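Novice: Following this line is data.cif, made up of mmCIF, C-alpha atoms and all ligand atoms:
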```
data_data
loop_
_atom_site.label_atom_id
_atom_site.label_comp_id
_atom_site.auth_asym_id
_atom_site.auth_seq_id
_atom_site.Cartn_x
_atom_site.Cartn_y
_atom_site.Cartn_z
CA MET A 549 -6.26 -30.73 9.76
CA SER A 550 -3.25 -28.65 8.64
CA GLU A 551 -3.54 -29.76 5.01
CA PHE A 552 -7.21 -28.72 4.82
CA ASN A 553 -7.65 -26.23 2.00
CA PRO A 554 -10.74 -24.05 2.42
CA ALA A 555 -10.55 -23.02 -1.22
CA VAL A 556 -12.17 -26.36 -2.13
CA LEU A 557 -15.37 -24.94 -0.59
CA LEU A 558 -15.57 -22.11 -3.11
CA ASP A 559 -17.94 -22.18 -6.09
CA PRO A 560 -19.90 -25.30 -5.12
CA PRO A 561 -22.43 -26.46 -7.70
CA PRO A 562 -26.00 -25.62 -6.72
CA PHE A 563 -27.67 -28.39 -4.74
CA PRO A 564 -30.36 -29.81 -7.05
CA ALA A 565 -33.73 -28.50 -5.81
CA GLY A 566 -35.28 -31.85 -6.67
CA ARG A 567 -32.98 -33.60 -4.23
CA VAL A 568 -33.85 -31.54 -1.16
CA ALA A 569 -37.02 -33.56 -0.58
CA GLY A 570 -34.88 -36.70 -0.78
CA LEU A 571 -32.80 -35.43 2.16
CA ALA A 572 -35.97 -34.86 4.20
CA ASP A 573 -37.16 -38.40 3.44
CA ARG A 574 -33.84 -39.90 4.49
CA LEU A 575 -33.97 -37.93 7.75
CA ALA A 576 -37.53 -39.16 8.41
CA LEU A 577 -36.26 -42.73 8.01
CA LEU A 578 -33.37 -42.11 10.44
CA MET A 579 -35.83 -40.77 13.01
CA GLY A 580 -38.41 -43.49 12.48
CA THR A 581 -41.19 -41.13 11.55
CA SER A 582 -43.79 -40.74 8.85
CA ALA A 583 -44.37 -37.13 9.95
CA ASP A 584 -43.43 -34.14 7.78
CA VAL A 585 -39.74 -33.25 8.01
CA LEU A 586 -38.98 -29.56 7.57
CA LEU A 587 -35.41 -28.57 6.82
CA VAL A 588 -34.19 -25.39 8.49
CA GLN A 589 -31.15 -23.67 6.96
CA ALA A 590 -29.65 -22.75 10.30
CA GLU A 591 -28.21 -24.45 13.36
CA ALA A 592 -30.53 -26.51 15.50
CA VAL A 593 -31.17 -23.86 18.18
CA VAL A 594 -32.94 -21.89 15.46
CA ALA A 595 -35.18 -24.88 14.71
CA LEU A 596 -35.93 -25.16 18.44
CA GLU A 597 -36.76 -21.47 18.65
CA ALA A 598 -38.99 -21.84 15.57
CA VAL A 599 -40.96 -24.57 17.33
CA ALA A 600 -41.51 -22.33 20.36
CA ALA A 601 -42.43 -19.33 18.20
CA SER A 602 -44.84 -21.39 16.08
CA LEU A 603 -46.62 -23.22 18.92
CA GLY A 604 -46.73 -20.62 21.67
CA ARG A 605 -49.49 -18.05 22.16
CA PRO A 606 -51.47 -16.63 25.06
CA GLY A 607 -53.65 -19.40 26.46
CA PHE A 608 -51.21 -22.13 25.38
CA LYS A 609 -49.73 -24.06 28.30
CA ALA A 610 -46.54 -26.07 28.16
CA ILE A 611 -44.86 -28.35 30.65
CA ASN A 612 -41.17 -27.86 30.02
CA ILE A 613 -38.58 -30.25 31.45
CA VAL A 614 -35.32 -28.45 32.22
CA THR A 615 -32.18 -30.58 32.55
CA GLY A 616 -29.74 -28.29 30.75
CA PRO A 617 -29.28 -25.03 28.88
CA TYR A 618 -31.44 -25.81 25.83
CA GLY A 619 -34.53 -26.69 27.86
CA LEU A 620 -34.06 -23.47 29.78
CA TRP A 621 -33.94 -21.48 26.54
CA PHE A 622 -36.94 -23.30 25.09
CA GLY A 623 -39.01 -22.19 28.10
CA ARG A 624 -37.88 -18.58 27.61
CA TRP A 625 -38.82 -18.61 23.93
CA LEU A 626 -42.24 -20.04 24.76
CA ARG A 627 -42.88 -17.41 27.47
CA ARG A 628 -42.02 -14.66 25.00
CA THR A 629 -45.07 -15.69 22.93
CA GLY A 630 -47.34 -15.20 25.95
CA ALA A 631 -47.67 -18.94 26.53
CA GLY A 632 -47.83 -20.30 30.06
CA VAL A 633 -44.83 -22.45 30.99
CA VAL A 634 -44.65 -24.87 33.90
CA GLU A 635 -41.08 -25.96 34.53
CA VAL A 636 -40.09 -29.40 35.76
CA ARG A 637 -36.55 -29.13 37.04
CA ALA A 638 -34.35 -32.04 37.89
CA GLU A 639 -31.57 -31.84 40.45
CA ALA A 640 -28.67 -29.89 38.93
CA ALA A 641 -27.02 -31.83 36.06
CA ARG A 642 -29.18 -34.90 36.77
CA PRO A 643 -31.95 -36.43 34.64
CA VAL A 644 -35.57 -35.74 35.48
CA SER A 645 -37.55 -38.55 37.12
CA ALA A 646 -40.62 -39.94 35.39
CA ARG A 647 -42.39 -39.62 38.75
CA ALA A 648 -41.83 -35.83 38.84
CA VAL A 649 -43.10 -35.55 35.27
CA ALA A 650 -46.22 -37.58 36.08
CA ALA A 651 -46.96 -35.41 39.13
CA THR A 652 -46.66 -32.22 37.07
CA LEU A 653 -48.83 -33.63 34.28
CA ASP A 654 -51.47 -34.58 36.86
CA ALA A 655 -51.36 -31.12 38.45
CA HIS A 656 -51.84 -29.47 35.03
CA PRO A 657 -54.41 -31.50 33.08
CA ASP A 658 -54.99 -28.48 30.83
CA ALA A 659 -51.42 -28.52 29.47
CA ASN A 660 -51.09 -28.53 25.67
CA LEU A 661 -47.47 -29.62 25.36
CA LEU A 662 -44.76 -31.58 27.12
CA ALA A 663 -41.23 -30.63 26.04
CA VAL A 664 -38.08 -32.60 26.86
CA VAL A 665 -34.43 -32.91 25.82
CA HIS A 666 -33.55 -36.56 25.15
CA ALA A 667 -29.83 -36.53 26.00
CA GLU A 668 -27.71 -33.65 27.29
CA SER A 669 -24.20 -33.11 26.01
CA ALA A 670 -23.88 -30.35 28.63
CA SER A 671 -23.60 -32.88 31.47
CA GLY A 672 -23.70 -36.33 29.85
CA ILE A 673 -27.08 -37.37 31.23
CA ARG A 674 -30.05 -38.92 29.44
CA ASN A 675 -33.66 -38.40 30.41
CA PRO A 676 -36.01 -41.44 30.66
CA ILE A 677 -37.60 -40.54 27.34
CA GLU A 678 -39.67 -43.72 26.85
CA ALA A 679 -41.42 -43.32 30.22
CA ILE A 680 -41.89 -39.57 29.74
CA LEU A 681 -43.43 -39.90 26.29
CA ARG A 682 -45.68 -42.72 27.52
CA LEU A 683 -47.00 -40.46 30.30
CA ALA A 684 -47.82 -37.75 27.78
CA ARG A 685 -49.43 -40.17 25.36
CA GLU A 686 -51.65 -41.60 28.11
CA ARG A 687 -52.90 -38.05 28.71
CA ASP A 688 -53.15 -37.21 25.02
CA ILE A 689 -50.71 -34.30 25.33
CA LEU A 690 -48.58 -33.14 22.42
CA THR A 691 -44.85 -33.81 22.82
CA MET A 692 -41.70 -32.04 21.65
CA VAL A 693 -38.35 -33.84 21.85
CA ASP A 694 -35.00 -32.12 21.43
CA ALA A 695 -33.00 -34.96 19.88
CA VAL A 696 -30.21 -32.73 18.55
CA ALA A 697 -27.52 -34.41 20.60
CA SER A 698 -29.05 -37.87 20.87
CA LEU A 699 -29.94 -38.74 17.27
CA GLY A 700 -27.29 -41.24 16.20
CA GLY A 701 -26.05 -41.64 19.78
CA HIS A 702 -29.13 -43.39 21.14
CA ALA A 703 -31.82 -45.48 19.50
CA PHE A 704 -34.84 -43.27 18.94
CA ALA A 705 -37.98 -44.05 16.96
CA ALA A 706 -40.21 -40.98 16.94
CA ASP A 707 -43.48 -42.57 15.80
CA ALA A 708 -43.14 -45.68 17.95
CA ARG A 709 -42.41 -43.50 21.00
CA GLY A 710 -45.23 -41.10 20.23
CA ALA A 711 -43.08 -37.98 19.76
CA ASP A 712 -45.10 -35.36 17.84
CA ILE A 713 -42.37 -32.81 17.21
CA VAL A 714 -38.70 -33.77 17.03
CA VAL A 715 -35.88 -31.30 16.51
CA ALA A 716 -32.53 -32.67 15.33
CA GLY A 717 -29.36 -31.62 13.59
CA PRO A 718 -26.40 -33.30 11.89
CA GLN A 719 -23.42 -31.85 13.74
CA LYS A 720 -23.43 -33.99 16.88
CA ALA A 721 -23.65 -37.81 16.72
CA LEU A 722 -24.29 -37.80 12.95
CA ALA A 723 -20.99 -35.95 12.41
CA GLY A 724 -22.33 -33.56 9.78
CA PRO A 725 -22.45 -29.79 9.22
CA ALA A 726 -23.61 -27.35 11.92
CA GLY A 727 -25.51 -24.87 9.75
CA ILE A 728 -28.59 -26.92 8.93
CA SER A 729 -31.20 -28.72 11.05
CA TRP A 730 -34.70 -30.11 10.84
CA VAL A 731 -38.02 -30.52 12.61
CA SER A 732 -40.52 -33.35 12.23
CA VAL A 733 -44.14 -32.34 12.72
CA SER A 734 -46.95 -34.88 13.20
CA LYS A 735 -50.52 -34.33 12.02
CA ARG A 736 -51.60 -33.72 15.62
CA ALA A 737 -48.89 -31.10 15.99
CA TRP A 738 -49.89 -29.36 12.75
CA ALA A 739 -53.38 -28.95 14.15
CA GLU A 740 -51.85 -26.80 16.93
CA ILE A 741 -49.36 -24.98 14.71
CA ASP A 742 -51.33 -24.26 11.53
CA ARG A 743 -53.75 -21.63 12.83
CA PRO A 744 -55.04 -18.43 11.22
CA ASP A 745 -53.23 -16.35 13.85
CA ALA A 746 -49.93 -18.25 13.55
CA PRO A 747 -46.83 -16.13 12.91
CA ALA A 748 -46.08 -15.73 9.20
CA THR A 749 -43.42 -14.01 7.08
CA SER A 750 -40.90 -15.02 9.68
CA THR A 751 -37.80 -17.18 9.54
CA LEU A 752 -39.15 -18.78 12.74
CA SER A 753 -42.53 -19.69 11.21
CA LEU A 754 -43.14 -23.40 10.67
CA CYS A 755 -46.38 -22.41 8.89
CA ASP A 756 -44.30 -20.54 6.31
CA LEU A 757 -42.25 -23.70 5.75
CA LYS A 758 -45.46 -25.69 5.40
CA ARG A 759 -46.92 -23.35 2.80
CA LEU A 760 -43.76 -22.54 0.85
CA TRP A 761 -42.14 -25.97 0.96
CA LEU A 762 -44.58 -28.79 1.78
CA ASP A 763 -47.76 -27.42 0.19
CA ALA A 764 -45.75 -26.16 -2.81
CA GLY A 765 -44.62 -29.73 -3.57
CA ARG A 766 -41.17 -29.67 -1.89
CA GLY A 767 -39.42 -28.36 -5.00
CA ALA A 768 -37.09 -25.95 -3.19
CA LEU A 769 -36.61 -24.56 0.29
CA PRO A 770 -37.89 -21.03 0.80
CA GLY A 771 -35.17 -18.40 0.84
CA THR A 772 -31.72 -18.74 -0.66
CA PRO A 773 -30.46 -22.32 -0.77
CA ALA A 774 -27.17 -22.89 1.05
CA PRO A 775 -25.45 -25.46 -1.19
CA LEU A 776 -22.46 -26.03 1.10
CA GLU A 777 -24.70 -27.08 3.96
CA LEU A 778 -26.97 -29.19 1.74
CA TRP A 779 -24.04 -31.03 0.10
CA ALA A 780 -22.45 -31.56 3.51
CA LEU A 781 -25.71 -32.92 4.94
CA ALA A 782 -26.04 -35.28 1.95
CA ALA A 783 -22.47 -36.49 2.50
CA ALA A 784 -23.05 -36.97 6.24
CA LEU A 785 -26.18 -38.99 5.51
CA ASP A 786 -24.31 -41.09 2.92
CA ARG A 787 -21.73 -41.92 5.57
CA VAL A 788 -24.31 -42.67 8.29
CA GLU A 789 -26.37 -44.84 5.94
CA ALA A 790 -23.28 -46.71 4.72
CA GLU A 791 -22.39 -47.57 8.32
CA GLY A 792 -26.02 -48.13 9.32
CA ILE A 793 -27.72 -46.04 12.01
CA ALA A 794 -27.85 -49.01 14.42
CA ARG A 795 -24.09 -49.38 14.15
CA VAL A 796 -23.57 -45.64 14.62
CA VAL A 797 -25.59 -45.88 17.85
CA HIS A 798 -23.67 -48.99 18.90
CA ARG A 799 -20.35 -47.22 18.30
CA HIS A 800 -21.48 -44.43 20.64
CA ALA A 801 -22.60 -46.95 23.27
CA GLU A 802 -19.22 -48.72 23.14
CA ALA A 803 -17.33 -45.43 23.39
CA ALA A 804 -19.37 -44.50 26.46
CA ILE A 805 -18.64 -47.85 28.13
CA ALA A 806 -14.92 -47.50 27.38
CA ALA A 807 -14.90 -43.97 28.83
CA ARG A 808 -16.65 -45.13 32.00
CA ASP A 809 -14.32 -48.13 32.40
CA GLY A 810 -11.29 -45.91 31.80
CA LEU A 811 -12.34 -43.41 34.45
CA LYS A 812 -12.98 -46.18 36.96
CA ALA A 813 -9.55 -47.71 36.24
CA LEU A 814 -8.06 -44.34 37.25
CA GLY A 815 -10.07 -44.32 40.47
CA LEU A 816 -12.53 -41.70 39.19
CA SER A 817 -16.32 -42.03 39.12
CA PRO A 818 -18.39 -41.15 36.09
CA TRP A 819 -20.88 -38.42 37.08
CA ALA A 820 -23.94 -40.27 35.74
CA GLY A 821 -24.84 -43.84 36.62
CA PRO A 822 -25.01 -46.34 33.72
CA GLU A 823 -28.81 -46.12 33.55
CA GLU A 824 -28.85 -42.35 33.31
CA ALA A 825 -25.72 -41.65 31.27
CA SER A 826 -25.74 -40.45 27.68
CA HIS A 827 -23.54 -42.08 25.05
CA LEU A 828 -22.31 -38.68 23.88
CA VAL A 829 -20.02 -37.34 26.56
CA THR A 830 -18.83 -38.76 29.87
CA ALA A 831 -18.39 -36.33 32.73
CA PHE A 832 -16.53 -36.76 36.00
CA ALA A 833 -15.77 -34.63 39.02
CA PRO A 834 -12.03 -33.94 39.46
CA PRO A 835 -10.63 -35.74 42.49
CA ALA A 836 -10.53 -33.85 45.79
CA GLY A 837 -7.45 -31.70 46.10
CA VAL A 838 -7.02 -31.35 42.33
CA ASP A 839 -7.70 -27.90 40.90
CA PRO A 840 -10.19 -28.43 38.02
CA ALA A 841 -8.91 -25.44 36.02
CA SER A 842 -5.27 -26.54 36.00
CA LEU A 843 -6.24 -30.16 35.35
CA LEU A 844 -8.35 -29.01 32.41
CA ASP A 845 -5.46 -26.91 31.06
CA ARG A 846 -3.20 -29.95 31.08
CA LEU A 847 -5.89 -32.11 29.44
CA LYS A 848 -6.63 -29.55 26.75
CA ALA A 849 -2.97 -29.46 25.79
CA ALA A 850 -3.32 -33.18 24.95
CA ASP A 851 -6.79 -32.95 23.38
CA PRO A 852 -8.73 -29.68 23.00
CA GLU A 853 -12.00 -31.64 23.16
CA PHE A 854 -11.78 -31.92 26.96
CA SER A 855 -14.09 -29.29 28.44
CA LEU A 856 -16.05 -28.26 31.50
CA GLY A 857 -19.73 -29.16 31.65
CA ILE A 858 -22.28 -26.43 30.95
CA GLY A 859 -24.93 -25.18 33.35
CA ALA A 860 -25.50 -25.26 37.09
CA GLY A 861 -23.94 -28.33 38.68
CA ALA A 862 -22.25 -29.42 35.46
CA ASP A 863 -19.76 -26.54 35.34
CA ARG A 864 -17.49 -28.22 37.90
CA LEU A 865 -17.36 -31.46 35.89
CA ILE A 866 -14.86 -32.32 33.18
CA ARG A 867 -16.30 -33.84 30.00
CA LEU A 868 -14.81 -36.43 27.67
CA ASN A 869 -16.31 -35.84 24.25
CA HIS A 870 -17.02 -39.08 22.35
CA THR A 871 -19.68 -37.81 19.97
CA GLY A 872 -19.76 -38.26 16.20
CA ARG A 873 -16.41 -39.30 14.70
CA ARG A 874 -14.98 -39.26 18.23
CA ALA A 875 -17.21 -42.21 19.15
CA ASP A 876 -14.19 -44.39 18.57
CA LEU A 877 -12.33 -46.63 21.02
CA GLN A 878 -8.95 -45.25 19.96
CA VAL A 879 -10.07 -41.70 20.66
CA VAL A 880 -11.48 -42.71 24.05
CA HIS A 881 -8.34 -44.63 25.01
CA GLY A 882 -6.31 -41.56 23.99
CA MET A 883 -8.39 -39.37 26.32
CA ILE A 884 -8.00 -41.82 29.19
CA ALA A 885 -4.23 -41.96 28.63
CA ALA A 886 -4.10 -38.14 28.62
CA LEU A 887 -6.06 -38.12 31.87
CA ALA A 888 -3.76 -40.68 33.46
CA ALA A 889 -0.75 -38.57 32.51
CA ALA A 890 -2.35 -35.33 33.73
CA LEU A 891 -3.19 -36.84 37.13
CA ARG A 892 0.31 -38.20 37.68
CA PRO A 893 1.98 -36.15 40.43
C1 LIG B 901 -26.12 -28.93 20.56
C2 LIG B 901 -27.52 -28.97 21.04
C3 LIG B 901 -28.48 -28.05 20.58
C4 LIG B 901 -28.17 -26.90 19.68
O1 LIG B 901 -27.64 -27.29 18.48
P1 LIG B 901 -26.83 -26.24 17.60
O2 LIG B 901 -26.75 -26.92 16.32
O3 LIG B 901 -25.53 -26.06 18.30
O4 LIG B 901 -27.61 -24.99 17.53
C5 LIG B 901 -29.77 -28.19 21.06
N1 LIG B 901 -30.11 -29.15 21.92
C6 LIG B 901 -29.22 -30.04 22.39
C7 LIG B 901 -29.67 -31.09 23.35
C8 LIG B 901 -27.89 -29.97 21.97
O5 LIG B 901 -26.99 -30.84 22.45
#
```
Kindly return the structure encoded in the file as structure tokens.
Ligand SMILES: *Cc1c(COP(=O)(O)O)cnc(C)c1O
Specialist:
Amino acid sequence: MSEFNPAVLLDPPPFPAGRVAGLADRLALLMGTSADVLLVQAEAVVALEAVAASLGRPGFKAINIVTGPYGLWFGRWLRRTGAGVVEVRAEAARPVSARAVAATLDAHPDANLLAVVHAESASGIRNPIEAILRLARERDILTMVDAVASLGGHAFAADARGADIVVAGPQKALAGPAGISWVSVSKRAWAEIDRPDAPATSTLSLCDLKRLWLDAGRGALPGTPAPLELWALAAALDRVEAEGIARVVHRHAEAAIAARDGLKALGLSPWAGPEEASHLVTAFAPPAGVDPASLLDRLKAADPEFSLGIGAGADRLIRLNHTGRRADLQVVHGMIAALAAALRP
């Protein structure tokens, strides 16, 4: 890292407007969708907020699954539009059960939307997305999946699973830049979003993106193009495509198994069981009698990517990050060795 020269980032050539649509098509392929892919020149939370701002309105009712911080925020953004939000909460830092989702769907047959985060990097859990999306599809309810963390870490085929709106970004498992993201929008979802009273002239308006980008022939993104982010996204996609998305996912799965095995070899238990764990981070509770803060300090000295979980219940867990380029057996073995050394009396 020390030899990195930021001056190489100055004066980038403009990203060819004609190639922006090509990026969107490549992203659609990665996500297994034939829906429209809208690029958002901002980090993925902005794309998530745009979905809430574009869908929500008084009289709109959403069932929102909360298993971490981003689901919580999504509910808040929806409520701000006057929409009704019914929360399904899992036990702290645990995945939601399909049974709880089914019960909530049955209690609210008038719901317009079911929103869920696929995998949580905050706690290392994964929600049973296939079952959840099937429940929504059986009831003909629109679905929104936050796949920001999971895309590239878990197999996910949006159309085959029946996900209407998918938000994703390059900076997690795809190991790309953090300042750009995207949303796929199905025809069914457009019917809810593209209304005469939809917000317009807003950076959070998906209708604006439809009019100024899709309907205008996808020549250029509205606003000022950010060439650094666009070039970086193109490079990240080149790398992912060269490896193959299935192999990227496999690499994450292997890293997760190695992290789990390593923890167990040290007498520690991974927080999430194998069926409910994400491939992105592996969390564990520090052993009894060990102060989590001082253990974390020692771990961070070896690798700054050790961190506490985020959110209620997860904030007493320590996370091993094996997302993106860190989904690598050598990196995982390094973390386990650091942990073994830090636990030695
Ligand atoms: C990281 C993350 C986001 C937010 O992405 P940013 O690019 O950091 O804004 C949203 N949802 C999930 C599940 C994430 O892991």
Novice: Throw together the list of residues within 10 Å of ligand LIG 901 (chain B), counting all atoms listed in the file, and drop it here as a PyMOL selection string.
Specialist: chain A and resi 590-597+615-619+621-622+664-672+674+693-699+715-721+725-729+828
Novice: Please identify all polymer residues within 9 Å of region 712-714 of chain A, counting all atoms listed in the file, omitting same-chain residues fewer than 6 positions from it, and present them as a PyMOL selection string.
Specialist: chain A and resi 579+583+599+690-696+706+730-737
Novice: Any idea what's packed within 12 Å of Thr772 (chain A), counting only C-alpha atoms, ignoring anything in its chain fewer than 3 positions away? Could you give it as a list in words?
Specialist: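 Within the cut-off, the hits are Pro562, Phe563, Ala565, Val588, Gln589, Ala590, Thr751, Ala768, Leu769, Pro775, Leu776, Glu777 and Leu778 of chain A.
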Novice: Name the residues in contact with Ala820 (chain A) at a cut-off of 8 Å, using all atoms listed in the file, excluding same-chain residues fewer than 3 positions from it; report them as a VMD selection string.
Specialist: chain A and resid 642 672 to 673 823 to 825 830 to 831
Novice: With C-alpha atoms retained, could you export that selection as a PDB file, keeping the file's coordinate frame?
Specialist:
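Written out: out_26.pdb:
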```
ATOM      1  CA  ARG A 642     -29.180 -34.900  36.770  1.00  0.00           C
ATOM      2  CA  GLY A 672     -23.700 -36.330  29.850  1.00  0.00           C
ATOM      3  CA  ILE A 673     -27.080 -37.370  31.230  1.00  0.00           C
ATOM      4  CA  GLU A 823     -28.810 -46.120  33.550  1.00  0.00           C
ATOM      5  CA  GLU A 824     -28.850 -42.350  33.310  1.00  0.00           C
ATOM      6  CA  ALA A 825     -25.720 -41.650  31.270  1.00  0.00           C
ATOM      7  CA  THR A 830     -18.830 -38.760  29.870  1.00  0.00           C
ATOM      8  CA  ALA A 831     -18.390 -36.330  32.730  1.00  0.00           C
TER       9      ALA A 831
END
```
Novice: Using only C-alpha atoms, which residues sit within 12 Å of Arg647 (chain A) once same-chain residues fewer than 6 positions away are excluded, as a JSON list (two decimals) with C-alpha atoms, in the frame of the given file?
Specialist:
```json
[["chain", "number", "residue", "atom", "x", "y", "z"],
["A", 636, "VAL", "CA", -40.09, -29.40, 35.76],
["A", 638, "ALA", "CA", -34.35, -32.04, 37.89],
["A", 653, "LEU", "CA", -48.83, -33.63, 34.28],
["A", 654, "ASP", "CA", -51.47, -34.58, 36.86],
["A", 676, "PRO", "CA", -36.01, -41.44, 30.66],
["A", 679, "ALA", "CA", -41.42, -43.32, 30.22],
["A", 680, "ILE", "CA", -41.89, -39.57, 29.74],
["A", 683, "LEU", "CA", -47.00, -40.46, 30.30]]
```
Novice: Tell me which protein, DNA and RNA residues are within 12 Å of Ala610 (chain A), counting only C-alpha atoms, leaving out same-chain ones fewer than 3 positions away, and put them as a PyMOL selection string.
Specialist: chain A and resi 600+603-607+613+622-627+629-636+652-653+656-664+684+689-692
Novice: Work out how far CA of Ala569 (chain A) is from CA of Ala764 (chain A), in Å to one decimal.
Specialist: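 Atom-to-atom, CA of Ala764 (chain A) to CA of Ala569 (chain A), that is 11.7 Å.
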Novice: If I take CA of Pro770 (chain A) and CA of Gly566 (chain A), how far is one from the other in Å, to one decimal?
Specialist: 13.4 Å
Novice: With only C-alpha atoms as the basis for distance, which of A:Ala708, A:Val556, A:Ile884, A:Leu575 is at the shortest distance from Ala784 (chain A)?
Specialist: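 Comparing A:Ala708, A:Val556, A:Ile884, A:Leu575 against Ala784 (chain A), the winner is A:Leu575.
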Novice: Quick one: of A:Glu740, A:Leu760, A:Val614, A:Ala780, who's nearest to Ala641 (chain A), counting only C-alpha atoms?
Specialist: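 For Ala641 (chain A), the nearest of the given residues is A:Val614.
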Novice: Please enclose the listed atoms of region 650-666 of chain A in an axis-aligned box, pad each side by 8 Å, and write out the centre and the three edge lengths in Å, rounded to one decimal, as AutoDock Vina command-line options.
Specialist:
```
--center_x -44.3 --center_y -33.0 --center_z 32.1 --size_x 37.4 --size_y 25.1 --size_z 30.0
```
Novice: Taking all atoms listed in the file into account, name the residue in A:Val796, A:Ile805, A:Ile741, A:Ala774 that is nearest to Ala601 (chain A).
Specialist: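 Smallest distance to Ala601 (chain A) is found for A:Ile741.
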Novice: In Å to one decimal, how far is CA of Ala875 (chain A) from CA of Ala850 (chain A)?
Specialist: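 Answer for the CA of Ala850 (chain A) to CA of Ala875 (chain A) separation: 17.6 Å.
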